[in-house]
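File shown: data_39.cif (mmCIF, C-alpha atoms).
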data_model
loop_
_atom_site.label_atom_id
_atom_site.label_comp_id
_atom_site.auth_asym_id
_atom_site.auth_seq_id
_atom_site.Cartn_x
_atom_site.Cartn_y
_atom_site.Cartn_z
CA MET M 1 -80.50 -28.49 51.74
CA LYS M 2 -77.64 -29.01 54.19
CA ASP M 3 -77.73 -27.35 57.58
CA HIS M 4 -76.19 -23.95 56.97
CA THR M 5 -75.93 -22.45 60.43
CA LYS M 6 -72.11 -22.59 60.39
CA ILE M 7 -71.49 -20.88 57.07
CA SER M 8 -69.05 -17.99 57.19
CA ASN M 9 -70.20 -14.47 56.59
CA ALA M 10 -67.77 -14.16 53.67
CA VAL M 11 -69.60 -16.95 51.81
CA ILE M 12 -72.99 -15.40 52.57
CA LYS M 13 -71.76 -12.07 51.19
CA ARG M 14 -70.91 -13.74 47.85
CA LEU M 15 -74.32 -15.43 47.40
CA PRO M 16 -76.26 -12.28 46.40
CA ARG M 17 -73.61 -11.66 43.73
CA TYR M 18 -73.86 -15.23 42.40
CA ARG M 19 -77.63 -14.85 42.36
CA ARG M 20 -77.44 -11.55 40.47
CA TYR M 21 -75.37 -13.15 37.70
CA LEU M 22 -77.61 -16.23 37.57
CA ASN M 23 -80.59 -13.92 37.14
CA GLU M 24 -78.90 -12.25 34.15
CA LEU M 25 -78.27 -15.71 32.64
CA ARG M 26 -81.91 -16.73 33.22
CA LYS M 27 -83.11 -13.59 31.47
CA LYS M 28 -80.94 -14.50 28.48
CA GLY M 29 -82.52 -17.97 28.39
CA ILE M 30 -79.32 -19.83 29.36
CA ASP M 31 -80.07 -23.20 31.01
CA LYS M 32 -76.74 -24.37 32.36
CA ILE M 33 -73.27 -23.09 33.12
CA SER M 34 -69.96 -24.71 34.05
CA SER M 35 -68.07 -23.51 37.11
CA ASN M 36 -65.33 -22.23 34.76
CA GLU M 37 -67.79 -20.13 32.78
CA PHE M 38 -69.38 -18.91 35.99
CA SER M 39 -65.92 -18.03 37.27
CA GLU M 40 -65.21 -15.90 34.21
CA LEU M 41 -68.51 -14.09 34.62
CA THR M 42 -68.30 -13.34 38.33
CA GLY M 43 -64.56 -12.88 38.75
CA TYR M 44 -64.30 -15.53 41.49
CA THR M 45 -62.13 -18.61 40.90
CA ALA M 46 -63.88 -21.82 39.83
CA SER M 47 -62.57 -23.58 42.95
CA GLN M 48 -63.91 -20.78 45.18
CA ILE M 49 -67.32 -21.15 43.55
CA ARG M 50 -67.35 -24.94 43.94
CA GLN M 51 -66.26 -24.63 47.56
CA ASP M 52 -68.91 -21.99 48.33
CA LEU M 53 -71.71 -24.00 46.75
CA ASN M 54 -70.58 -27.21 48.47
CA ASN M 55 -71.52 -25.50 51.74
CA PHE M 56 -75.11 -25.89 50.63
CA GLY M 57 -74.85 -29.40 49.26
CA GLY M 58 -73.40 -28.85 45.81
CA PHE M 59 -76.01 -28.58 43.03
CA GLY M 60 -73.46 -29.22 40.27
CA GLN M 61 -73.27 -32.39 38.22
CA GLN M 62 -69.92 -33.69 36.94
CA GLY M 63 -69.62 -32.97 33.20
CA TYR M 64 -72.87 -31.04 33.09
CA GLY M 65 -72.30 -27.94 35.18
CA TYR M 66 -74.92 -26.06 37.12
CA SER M 67 -78.57 -25.68 36.26
CA VAL M 68 -79.03 -21.90 36.09
CA GLU M 69 -82.66 -21.95 37.18
CA GLY M 70 -82.08 -24.60 39.87
CA LEU M 71 -79.11 -22.81 41.38
CA TYR M 72 -80.89 -19.45 41.23
CA ASN M 73 -83.89 -20.84 43.09
CA GLU M 74 -81.75 -22.65 45.63
CA ILE M 75 -79.65 -19.55 46.43
CA SER M 76 -82.84 -17.48 46.62
CA ALA M 77 -84.25 -19.92 49.18
CA ILE M 78 -81.00 -19.96 51.17
CA LEU M 79 -81.03 -16.16 51.30
CA GLY M 80 -84.62 -16.20 52.53
CA LEU M 81 -85.88 -14.50 49.36
CA ASP M 82 -88.78 -16.92 48.97
CA LYS M 83 -90.61 -14.91 51.65
CA ASP M 84 -92.10 -11.42 51.68
CA TYR M 85 -90.73 -8.66 53.87
CA ARG M 86 -92.66 -5.61 55.05
CA MET M 87 -90.49 -2.58 55.65
CA VAL M 88 -90.59 0.96 57.01
CA VAL M 89 -88.13 3.76 56.30
CA VAL M 90 -87.08 6.21 59.03
CA GLY M 91 -86.02 9.57 57.58
CA ALA M 92 -87.53 11.24 54.50
CA GLY M 93 -84.43 13.21 53.44
CA ASN M 94 -82.66 12.55 50.11
CA LEU M 95 -81.21 9.32 51.44
CA GLY M 96 -84.61 8.01 52.57
CA LEU M 97 -86.15 9.02 49.25
CA ALA M 98 -83.33 7.38 47.30
CA VAL M 99 -83.90 4.12 49.20
CA VAL M 100 -87.68 4.28 48.72
CA ASN M 101 -87.22 4.85 44.99
CA HIS M 102 -84.67 2.08 44.75
CA THR M 103 -86.84 -0.51 46.49
CA TYR M 104 -89.78 0.55 44.27
CA TYR M 105 -88.11 -1.33 41.43
CA TYR M 106 -87.81 -4.62 43.29
CA LYS M 107 -89.97 -7.15 41.54
CA THR M 108 -90.65 -9.22 44.63
CA GLY M 109 -90.24 -9.64 48.29
CA PHE M 110 -89.41 -6.28 49.87
CA VAL M 111 -92.19 -3.71 50.17
CA VAL M 112 -92.02 -0.33 51.92
CA LYS M 113 -95.26 0.17 53.89
CA GLY M 114 -94.52 3.52 55.52
CA ILE M 115 -91.99 6.35 55.83
CA PHE M 116 -91.43 8.16 59.14
CA GLU M 117 -90.07 11.64 59.66
CA VAL M 118 -89.68 14.16 62.47
CA LYS M 119 -89.95 17.28 60.25
CA LYS M 120 -93.57 18.36 60.44
CA ASP M 121 -93.66 19.97 56.97
CA LEU M 122 -92.92 16.62 55.27
CA ILE M 123 -95.58 14.64 57.15
CA GLY M 124 -98.63 13.80 55.01
CA LYS M 125 -96.78 13.94 51.68
CA LYS M 126 -96.50 10.78 49.59
CA ILE M 127 -93.57 9.10 47.81
CA ASN M 128 -94.49 6.44 45.23
CA GLY M 129 -97.89 6.34 46.90
CA ILE M 130 -96.40 5.70 50.37
CA GLU M 131 -97.33 8.20 53.06
CA ILE M 132 -94.77 10.07 55.14
CA MET M 133 -95.98 9.75 58.74
CA ASP M 134 -95.08 11.29 62.09
CA TYR M 135 -92.09 9.55 63.68
CA GLU M 136 -93.91 9.73 67.02
CA ASN M 137 -96.32 7.06 65.77
CA ILE M 138 -93.74 4.57 64.49
CA VAL M 139 -94.02 1.98 67.28
CA ALA M 140 -97.79 1.56 66.90
CA PHE M 141 -97.49 1.34 63.10
CA VAL M 142 -94.77 -1.31 63.20
CA GLU M 143 -96.75 -3.38 65.70
CA ASP M 144 -100.09 -3.05 63.88
CA ASN M 145 -98.66 -3.80 60.43
CA ASN M 146 -96.28 -6.67 61.32
CA ILE M 147 -93.28 -4.84 59.91
CA ASP M 148 -90.20 -7.07 59.49
CA ILE M 149 -87.45 -4.62 58.54
CA GLY M 150 -86.65 -1.06 59.60
CA ILE M 151 -84.55 0.99 57.18
CA ILE M 152 -82.62 3.71 59.00
CA CYS M 153 -81.95 6.81 56.90
CA THR M 154 -81.60 9.27 59.77
CA THR M 155 -78.63 11.37 60.83
CA LYS M 156 -75.83 9.66 62.74
CA ASP M 157 -77.09 11.02 66.07
CA ALA M 158 -80.68 9.83 65.65
CA ALA M 159 -79.86 6.35 64.33
CA GLN M 160 -79.47 4.30 67.52
CA GLU M 161 -82.65 5.69 69.05
CA ALA M 162 -84.56 4.85 65.87
CA ALA M 163 -83.06 1.35 65.99
CA ASP M 164 -84.10 0.89 69.63
CA LYS M 165 -87.67 1.99 68.85
CA LEU M 166 -87.89 -0.36 65.84
CA CYS M 167 -86.53 -3.34 67.83
CA PHE M 168 -88.93 -2.59 70.69
CA ALA M 169 -91.82 -2.52 68.20
CA GLY M 170 -90.85 -5.96 66.89
CA VAL M 171 -88.82 -5.74 63.68
CA THR M 172 -86.41 -8.67 63.17
CA GLY M 173 -84.03 -6.87 60.80
CA LEU M 174 -82.46 -3.44 60.44
CA TRP M 175 -80.93 -2.05 57.26
CA ASN M 176 -78.86 0.89 58.44
CA PHE M 177 -77.60 3.68 56.17
CA ALA M 178 -76.64 6.11 58.94
CA PRO M 179 -72.83 6.46 59.25
CA ILE M 180 -72.59 4.58 62.56
CA ASP M 181 -72.65 0.89 63.53
CA ILE M 182 -76.08 0.18 65.03
CA GLU M 183 -76.34 -2.17 68.02
CA THR M 184 -79.28 -4.57 68.23
CA PRO M 185 -80.50 -7.39 70.50
CA SER M 186 -79.18 -10.76 69.26
CA HIS M 187 -82.52 -11.81 67.73
CA VAL M 188 -82.52 -8.75 65.41
CA ALA M 189 -80.26 -9.02 62.35
CA VAL M 190 -78.53 -5.87 61.17
CA GLU M 191 -76.70 -4.77 58.02
CA ASN M 192 -74.76 -1.54 58.34
CA VAL M 193 -74.17 0.02 54.92
CA HIS M 194 -71.06 2.20 55.04
CA ILE M 195 -70.80 3.71 51.61
CA THR M 196 -67.76 5.77 52.55
CA ASP M 197 -65.83 2.53 53.14
CA SER M 198 -66.26 1.69 49.47
CA LEU M 199 -65.04 5.16 48.47
CA HIS M 200 -61.93 4.55 50.59
CA SER M 201 -61.36 1.19 48.86
CA LEU M 202 -61.65 3.04 45.56
CA ALA M 203 -59.06 5.61 46.68
CA TYR M 204 -56.71 2.75 47.61
CA HIS M 205 -56.97 1.13 44.18
CA MET M 206 -56.51 4.50 42.47
CA SER M 207 -53.35 5.20 44.52
CA LYS M 208 -52.01 1.73 43.77
CA ASN M 209 -52.59 2.25 40.03
CA ALA M 210 -50.83 5.63 40.23
CA ASP M 211 -47.86 4.08 42.12
CA GLU M 212 -47.50 1.35 39.52
CA LYS M 213 -47.31 3.90 36.72
CA LYS M 214 -44.37 5.68 38.37
CA MET W 215 -44.15 1.19 54.54
CA LYS W 216 -43.83 -2.27 53.02
CA ASP W 217 -44.68 -2.81 49.39
CA HIS W 218 -48.39 -3.49 49.36
CA THR W 219 -49.12 -4.42 45.78
CA LYS W 220 -49.97 -8.03 46.67
CA ILE W 221 -52.45 -7.40 49.43
CA SER W 222 -55.76 -9.21 49.09
CA ASN W 223 -58.94 -7.30 48.46
CA ALA W 224 -60.45 -8.76 51.64
CA VAL W 225 -57.76 -7.03 53.73
CA ILE W 226 -58.23 -3.75 51.85
CA LYS W 227 -61.96 -3.93 52.53
CA ARG W 228 -61.30 -4.10 56.29
CA LEU W 229 -58.97 -1.10 56.43
CA PRO W 230 -61.67 1.59 56.09
CA ARG W 231 -63.48 -0.05 58.99
CA TYR W 232 -60.34 -0.11 61.16
CA ARG W 233 -59.78 3.52 60.28
CA ARG W 234 -63.34 4.48 61.21
CA TYR W 235 -62.94 2.97 64.68
CA LEU W 236 -59.51 4.55 65.15
CA ASN W 237 -61.04 7.92 64.28
CA GLU W 238 -63.67 7.45 67.01
CA LEU W 239 -60.89 6.62 69.50
CA ARG W 240 -58.89 9.71 68.45
CA LYS W 241 -61.94 11.90 68.97
CA LYS W 242 -62.28 10.50 72.49
CA GLY W 243 -58.61 11.38 73.18
CA ILE W 244 -57.46 7.73 73.46
CA ASP W 245 -53.72 7.36 72.66
CA LYS W 246 -53.17 3.64 72.43
CA ILE W 247 -55.08 0.39 72.15
CA SER W 248 -54.17 -3.30 72.43
CA SER W 249 -55.12 -5.68 69.65
CA ASN W 250 -57.51 -7.39 72.11
CA GLU W 251 -59.31 -4.14 72.86
CA PHE W 252 -59.36 -3.29 69.16
CA SER W 253 -60.79 -6.74 68.48
CA GLU W 254 -63.63 -6.17 70.93
CA LEU W 255 -64.43 -2.82 69.32
CA THR W 256 -64.38 -3.92 65.69
CA GLY W 257 -65.66 -7.47 65.98
CA TYR W 258 -62.62 -8.95 64.19
CA THR W 259 -60.39 -11.42 66.07
CA ALA W 260 -57.15 -10.07 67.55
CA SER W 261 -55.14 -12.48 65.39
CA GLN W 262 -56.96 -11.31 62.26
CA ILE W 263 -56.12 -7.70 63.13
CA ARG W 264 -52.45 -8.48 63.80
CA GLN W 265 -52.23 -10.46 60.55
CA ASP W 266 -53.90 -7.68 58.54
CA LEU W 267 -51.65 -4.97 59.93
CA ASN W 268 -48.54 -7.09 59.44
CA ASN W 269 -49.20 -6.79 55.71
CA PHE W 270 -48.21 -3.18 56.07
CA GLY W 271 -45.26 -3.69 58.38
CA GLY W 272 -46.89 -4.03 61.79
CA PHE W 273 -47.07 -0.75 63.74
CA GLY W 274 -47.70 -2.49 67.08
CA GLN W 275 -45.18 -2.73 69.90
CA GLN W 276 -45.11 -5.79 72.19
CA GLY W 277 -46.70 -4.93 75.56
CA TYR W 278 -47.70 -1.46 74.42
CA GLY W 279 -50.30 -1.98 71.73
CA TYR W 280 -51.00 0.29 68.82
CA SER W 281 -50.63 4.05 68.74
CA VAL W 282 -54.12 5.23 67.76
CA GLU W 283 -52.93 8.36 65.98
CA GLY W 284 -49.99 6.58 64.30
CA LEU W 285 -52.11 3.69 63.04
CA TYR W 286 -54.87 6.06 61.88
CA ASN W 287 -52.39 8.13 59.87
CA GLU W 288 -50.69 5.06 58.42
CA ILE W 289 -53.95 3.45 57.30
CA SER W 290 -55.07 6.80 55.86
CA ALA W 291 -51.88 6.97 53.82
CA ILE W 292 -52.22 3.35 52.64
CA LEU W 293 -55.78 4.05 51.51
CA GLY W 294 -54.58 7.11 49.59
CA LEU W 295 -56.56 9.47 51.83
CA ASP W 296 -53.63 11.87 52.19
CA LYS W 297 -54.51 13.26 48.76
CA ASP W 298 -57.45 15.29 47.46
CA TYR W 299 -59.93 13.90 44.95
CA ARG W 300 -62.09 15.95 42.61
CA MET W 301 -65.37 14.30 41.70
CA VAL W 302 -68.40 14.68 39.44
CA VAL W 303 -71.80 13.06 39.88
CA VAL W 304 -73.78 11.76 36.89
CA GLY W 305 -77.52 11.77 37.58
CA ALA W 306 -79.41 14.34 39.68
CA GLY W 307 -82.25 12.07 40.82
CA ASN W 308 -82.78 11.16 44.49
CA LEU W 309 -79.79 8.85 44.44
CA GLY W 310 -77.48 11.52 43.01
CA LEU W 311 -78.76 14.07 45.51
CA ALA W 312 -78.33 11.62 48.40
CA VAL W 313 -74.70 11.05 47.37
CA VAL W 314 -74.03 14.78 46.95
CA ASN W 315 -75.49 15.45 50.39
CA HIS W 316 -73.56 12.61 51.92
CA THR W 317 -70.20 13.72 50.53
CA TYR W 318 -70.95 17.29 51.67
CA TYR W 319 -70.20 16.16 55.21
CA TYR W 320 -66.77 14.74 54.43
CA LYS W 321 -64.20 16.80 56.31
CA THR W 322 -61.41 16.23 53.81
CA GLY W 323 -60.34 14.80 50.56
CA PHE W 324 -63.36 14.17 48.35
CA VAL W 325 -65.06 17.17 46.78
CA VAL W 326 -67.91 17.18 44.26
CA LYS W 327 -67.19 19.79 41.56
CA GLY W 328 -70.18 19.26 39.30
CA ILE W 329 -73.40 17.31 38.79
CA PHE W 330 -74.54 16.21 35.32
CA GLU W 331 -78.05 15.41 34.19
CA VAL W 332 -79.95 14.74 30.96
CA LYS W 333 -83.30 16.17 32.16
CA LYS W 334 -83.38 19.75 30.89
CA ASP W 335 -85.63 21.06 33.69
CA LEU W 336 -83.01 20.20 36.35
CA ILE W 337 -80.08 21.85 34.54
CA GLY W 338 -79.00 25.15 36.10
CA LYS W 339 -80.29 24.33 39.58
CA LYS W 340 -77.82 24.06 42.47
CA ILE W 341 -77.34 21.46 45.22
CA ASN W 342 -75.16 22.55 48.16
CA GLY W 343 -73.85 25.30 45.89
CA ILE W 344 -72.88 22.82 43.14
CA GLU W 345 -74.43 23.44 39.74
CA ILE W 346 -76.39 20.79 37.83
CA MET W 347 -75.02 20.90 34.27
CA ASP W 348 -75.98 19.42 30.92
CA TYR W 349 -74.73 15.84 30.55
CA GLU W 350 -73.73 16.69 26.98
CA ASN W 351 -70.88 18.82 28.34
CA ILE W 352 -69.43 16.27 30.77
CA VAL W 353 -66.31 15.30 28.80
CA ALA W 354 -65.06 18.90 28.44
CA PHE W 355 -65.76 19.62 32.12
CA VAL W 356 -63.90 16.52 33.34
CA GLU W 357 -60.92 17.33 31.13
CA ASP W 358 -60.79 21.04 32.03
CA ASN W 359 -61.19 20.49 35.77
CA ASN W 360 -58.88 17.49 36.23
CA ILE W 361 -61.63 15.37 37.71
CA ASP W 362 -60.36 12.16 39.37
CA ILE W 363 -63.56 10.27 40.21
CA GLY W 364 -66.89 9.88 38.42
CA ILE W 365 -69.87 8.92 40.57
CA ILE W 366 -72.52 7.09 38.57
CA CYS W 367 -76.06 7.61 39.85
CA THR W 368 -77.87 6.94 36.58
CA THR W 369 -80.35 4.24 35.67
CA LYS W 370 -79.02 0.75 34.95
CA ASP W 371 -79.27 1.28 31.18
CA ALA W 372 -77.35 4.56 31.11
CA ALA W 373 -74.54 3.51 33.46
CA GLN W 374 -72.01 1.89 31.11
CA GLU W 375 -72.22 4.75 28.60
CA ALA W 376 -71.65 7.27 31.38
CA ALA W 377 -68.67 5.18 32.56
CA ASP W 378 -67.20 5.09 29.04
CA LYS W 379 -67.52 8.87 28.71
CA LEU W 380 -65.90 9.47 32.09
CA CYS W 381 -63.00 7.10 31.33
CA PHE W 382 -62.49 8.73 27.93
CA ALA W 383 -62.39 12.15 29.61
CA GLY W 384 -59.67 10.96 31.98
CA VAL W 385 -61.05 9.96 35.38
CA THR W 386 -58.99 7.29 37.18
CA GLY W 387 -61.78 6.03 39.43
CA LEU W 388 -65.49 5.25 39.18
CA TRP W 389 -67.86 4.93 42.12
CA ASN W 390 -70.88 3.18 40.67
CA PHE W 391 -74.32 3.12 42.32
CA ALA W 392 -76.27 1.90 39.29
CA PRO W 393 -77.46 -1.72 39.73
CA ILE W 394 -75.02 -3.19 37.21
CA ASP W 395 -71.30 -4.08 37.27
CA ILE W 396 -69.48 -1.38 35.31
CA GLU W 397 -66.54 -2.37 33.08
CA THR W 398 -63.51 -0.07 32.88
CA PRO W 399 -60.06 -0.07 31.26
CA SER W 400 -57.46 -1.58 33.62
CA HIS W 401 -55.99 1.80 34.62
CA VAL W 402 -59.36 2.98 35.94
CA ALA W 403 -60.33 1.64 39.39
CA VAL W 404 -63.99 0.89 40.01
CA GLU W 405 -66.16 0.22 43.06
CA ASN W 406 -69.61 -1.10 42.31
CA VAL W 407 -71.96 -0.43 45.23
CA HIS W 408 -74.76 -3.01 45.21
CA ILE W 409 -76.98 -2.04 48.07
CA THR W 410 -79.47 -4.79 47.29
CA ASP W 411 -76.76 -7.37 48.03
CA SER W 412 -76.65 -6.12 51.61
CA LEU W 413 -80.45 -6.38 51.85
CA HIS W 414 -80.18 -10.00 50.71
CA SER W 415 -77.53 -10.69 53.37
CA LEU W 416 -79.92 -9.19 55.90
CA ALA W 417 -82.73 -11.47 54.70
CA TYR W 418 -80.40 -14.46 55.10
CA HIS W 419 -79.57 -13.58 58.71
CA MET W 420 -83.24 -12.94 59.50
CA SER W 421 -84.22 -16.35 58.07
CA LYS W 422 -81.46 -18.05 60.01
CA ASN W 423 -82.61 -16.39 63.26
CA ALA W 424 -86.18 -17.49 62.53
CA ASP W 425 -85.05 -21.09 61.82
CA GLU W 426 -83.12 -21.23 65.10
CA LYS W 427 -86.19 -20.15 67.07
CA LYS W 428 -88.21 -23.10 65.72
#

In C-alpha cells, what does this structure look like?
Amino acid sequence: MKDHTKISNAVIKRLPRYRRYLNELRKKGIDKISSNEFSELTGYTASQIRQDLNNFGGFGQQGYGYSVEGLYNEISAILGLDKDYRMVVVGAGNLGLAVVNHTYYYKTGFVVKGIFEVKKDLIGKKINGIEIMDYENIVAFVEDNNIDIGIICTTKDAAQEAADKLCFAGVTGLWNFAPIDIETPSHVAVENVHITDSLHSLAYHMSKNADEKK
Amino acid sequence: MKDHTKISNAVIKRLPRYRRYLNELRKKGIDKISSNEFSELTGYTASQIRQDLNNFGGFGQQGYGYSVEGLYNEISAILGLDKDYRMVVVGAGNLGLAVVNHTYYYKTGFVVKGIFEVKKDLIGKKINGIEIMDYENIVAFVEDNNIDIGIICTTKDAAQEAADKLCFAGVTGLWNFAPIDIETPSHVAVENVHITDSLHSLAYHMSKNADEKK
C-alpha cells in the first residue's frame, strides 16, 4: 500500500461508497469488474475511479479490470475497517436509539458498549441488551473499557461538553449527530453528521427540476 | 441571480454549510464578513469560497467583504428554502421517530404532515401531534395533501417499493435513510443519507492518526 497521508478528504469520502458497491457485487458472486462497469454502477466517471484508486497504488490490471474481493479488502484496510471499534452513545432519546438500532445490524467492527443519559427515569433500561447508564459515570466507563469512539446524540447545547468529557476520557474518534460542529484536540478525529444539509441539497435539486419544467 | 443549472454537486453540497455559518453570524448581530474570516470559520480556503460564490454571481464587494444577511438570503433562495415543503415519513420505528423529532425543530419550510407504518399496533398513535397512519393509504394521502417530499425510514428491503409508491403519488423529492441507494424517475430528486459512510470516514481518520503516532 502506498503512503496515503496526503490523500484529499474528497477521495476518502468516496471510498465507503465504492466499498458498499463492491460488497453488493461480492454478495452476488461477481469476481471482477472493469472501471467502466464500476462507473455505471456507482455514478462516478471511470477516469475518476481510476484516479482515486491510483492514490492507493492501483489494484487494476490492464484488460482484466479490478478483482472485486481484492479491491473490497484493500479499501476496507485503508478505511481502518480491519480493526474493531468500541463505542459509547451519549443521549438515549429517539436519535440515540435510532443510532443504537442502526449499529446493531453491523456485521463487524463497530460495537456499542454503553449508552449514557442524564434523564434519571431512563437509566437502568436496556436497548438491544445494552444498558443505559448515568451520564455522570461516563469518564470512568470510557477509561475502564478502552472505548474508541463516542457517538454524540445530545441536544445542540450539551454536545460540546459531552465531546470534551469523551476526549478527556481517551476516545480517539467522535461521531457527532448534534446540530453543531464539535471541536476536538488534533489527535481526536471527528465526523459531524448534518442531516439538514442533505435536506437542503434535496430542496435545491427539487427547485432546479421545477425551474427546468417552466 | 446567474443561471445555475451547470453548478457541480460538490459546490451545492457546500452551500448548506455556508448558510449554517452565516445564520450563526446573523444571530450574533454580525453584518459583514471578509472571505478570509469566513474561511477561518468554515474551514474552506478563501479562494474556494470566492470561487463557489462566483458561480452565483459573486455578492462580495472589494474591500468590504460579504453582507451576512444578503449572502444568507441569496444562498437560501438558491437552495430553494424560500418555499414551503410538505413531507410524509414512511416508517415509525426509532429512525422515523428520530427524523420526525428532528424536523420538529425546523423554524421554517419543512413540515411533516403524516407518518405511515405497516405495523398495525402503531397506527393511530401520534408523534408531536402527527398521526401514524396505515401504509396502505399512503398514495391517496400524498395525492390529496400535495405532499412534496417522502422521507424513507423503512428497512432496506422495503425502501424501493416505498419510493415507487411515493413517486407514483406525486412527490418531487425523496429523502432516503434506508441503507440502499433509491432509484427514482428523473423528475424526482433524491438524497440518499448513508450514515455508515461517515462512520467509515471517521475510522479512516482514526487509523491515520494512529499510524502517525507510531

Near chain M, 7 Å: chain W residue rows, closest pairs, only C-alpha atoms, as JSON lines:
{"residue": "W:Ile226", "atom": "CA", "partner": "M:Ser201", "partner_atom": "CA", "distance": 6.6}
{"residue": "W:Lys227", "atom": "CA", "partner": "M:Ser201", "partner_atom": "CA", "distance": 6.3}
{"residue": "W:Pro230", "atom": "CA", "partner": "M:Asp197", "partner_atom": "CA", "distance": 5.2}
{"residue": "W:Arg231", "atom": "CA", "partner": "M:Asp197", "partner_atom": "CA", "distance": 6.8}
{"residue": "W:Ile292", "atom": "CA", "partner": "M:Tyr204", "partner_atom": "CA", "distance": 6.8}
{"residue": "W:Leu293", "atom": "CA", "partner": "M:Tyr204", "partner_atom": "CA", "distance": 4.2}
{"residue": "W:Gly294", "atom": "CA", "partner": "M:Tyr204", "partner_atom": "CA", "distance": 5.2}
{"residue": "W:Leu295", "atom": "CA", "partner": "M:Ala203", "partner_atom": "CA", "distance": 6.9}
{"residue": "W:Asn308", "atom": "CA", "partner": "M:Ala98", "partner_atom": "CA", "distance": 4.7}
{"residue": "W:Leu309", "atom": "CA", "partner": "M:Ala98", "partner_atom": "CA", "distance": 4.8}
{"residue": "W:Leu311", "atom": "CA", "partner": "M:Asn94", "partner_atom": "CA", "distance": 6.2}
{"residue": "W:Ala312", "atom": "CA", "partner": "M:Asn94", "partner_atom": "CA", "distance": 4.7}
{"residue": "W:Thr386", "atom": "CA", "partner": "M:Met206", "partner_atom": "CA", "distance": 6.5}
{"residue": "W:Gly387", "atom": "CA", "partner": "M:Met206", "partner_atom": "CA", "distance": 6.3}
{"residue": "W:Trp389", "atom": "CA", "partner": "M:Leu199", "partner_atom": "CA", "distance": 7.0}
{"residue": "W:His401", "atom": "CA", "partner": "M:Asn209", "partner_atom": "CA", "distance": 6.4}
{"residue": "W:Ala403", "atom": "CA", "partner": "M:Met206", "partner_atom": "CA", "distance": 5.7}
{"residue": "W:Val404", "atom": "CA", "partner": "M:Leu202", "partner_atom": "CA", "distance": 6.4}
{"residue": "W:Glu405", "atom": "CA", "partner": "M:Leu202", "partner_atom": "CA", "distance": 5.9}
{"residue": "W:Asp411", "atom": "CA", "partner": "M:Pro16", "partner_atom": "CA", "distance": 5.2}
{"residue": "W:Ser412", "atom": "CA", "partner": "M:Glu191", "partner_atom": "CA", "distance": 6.6}
{"residue": "W:Leu413", "atom": "CA", "partner": "M:Trp175", "partner_atom": "CA", "distance": 6.9}
{"residue": "W:His414", "atom": "CA", "partner": "M:Leu79", "partner_atom": "CA", "distance": 6.2}
{"residue": "W:Ser415", "atom": "CA", "partner": "M:Lys13", "partner_atom": "CA", "distance": 6.3}
{"residue": "W:Leu416", "atom": "CA", "partner": "M:Glu191", "partner_atom": "CA", "distance": 5.9}
{"residue": "W:Ala417", "atom": "CA", "partner": "M:Gly80", "partner_atom": "CA", "distance": 5.5}
{"residue": "W:Tyr418", "atom": "CA", "partner": "M:Leu79", "partner_atom": "CA", "distance": 4.2}
{"residue": "W:His419", "atom": "CA", "partner": "M:Ala189", "partner_atom": "CA", "distance": 5.9}
{"residue": "W:Met420", "atom": "CA", "partner": "M:Ala189", "partner_atom": "CA", "distance": 5.7}
{"residue": "W:Ser421", "atom": "CA", "partner": "M:Gly80", "partner_atom": "CA", "distance": 5.6}
{"residue": "W:Asn423", "atom": "CA", "partner": "M:His187", "partner_atom": "CA", "distance": 6.4}

Correct to one decimal, the distance atom CA of Tyr72 of chain M-atom CA of Ser35 of chain M is 14.1 Å

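The environment of Glu283 of chain W within 7 Å, counting only C-alpha atoms and disregarding residues fewer than 2 places along the same chain, consists of Arg240, Asp245, Ser281, Leu285, Tyr286 and Asn287 of chain W.
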
One decimal place gives the atom CA of Tyr258 of chain W-atom CA of Gln160 of chain M separation as 21.7 Å

What separates atom CA of Ile396 of chain W and atom CA of Glu331 of chain W is a distance of 18.9 Å
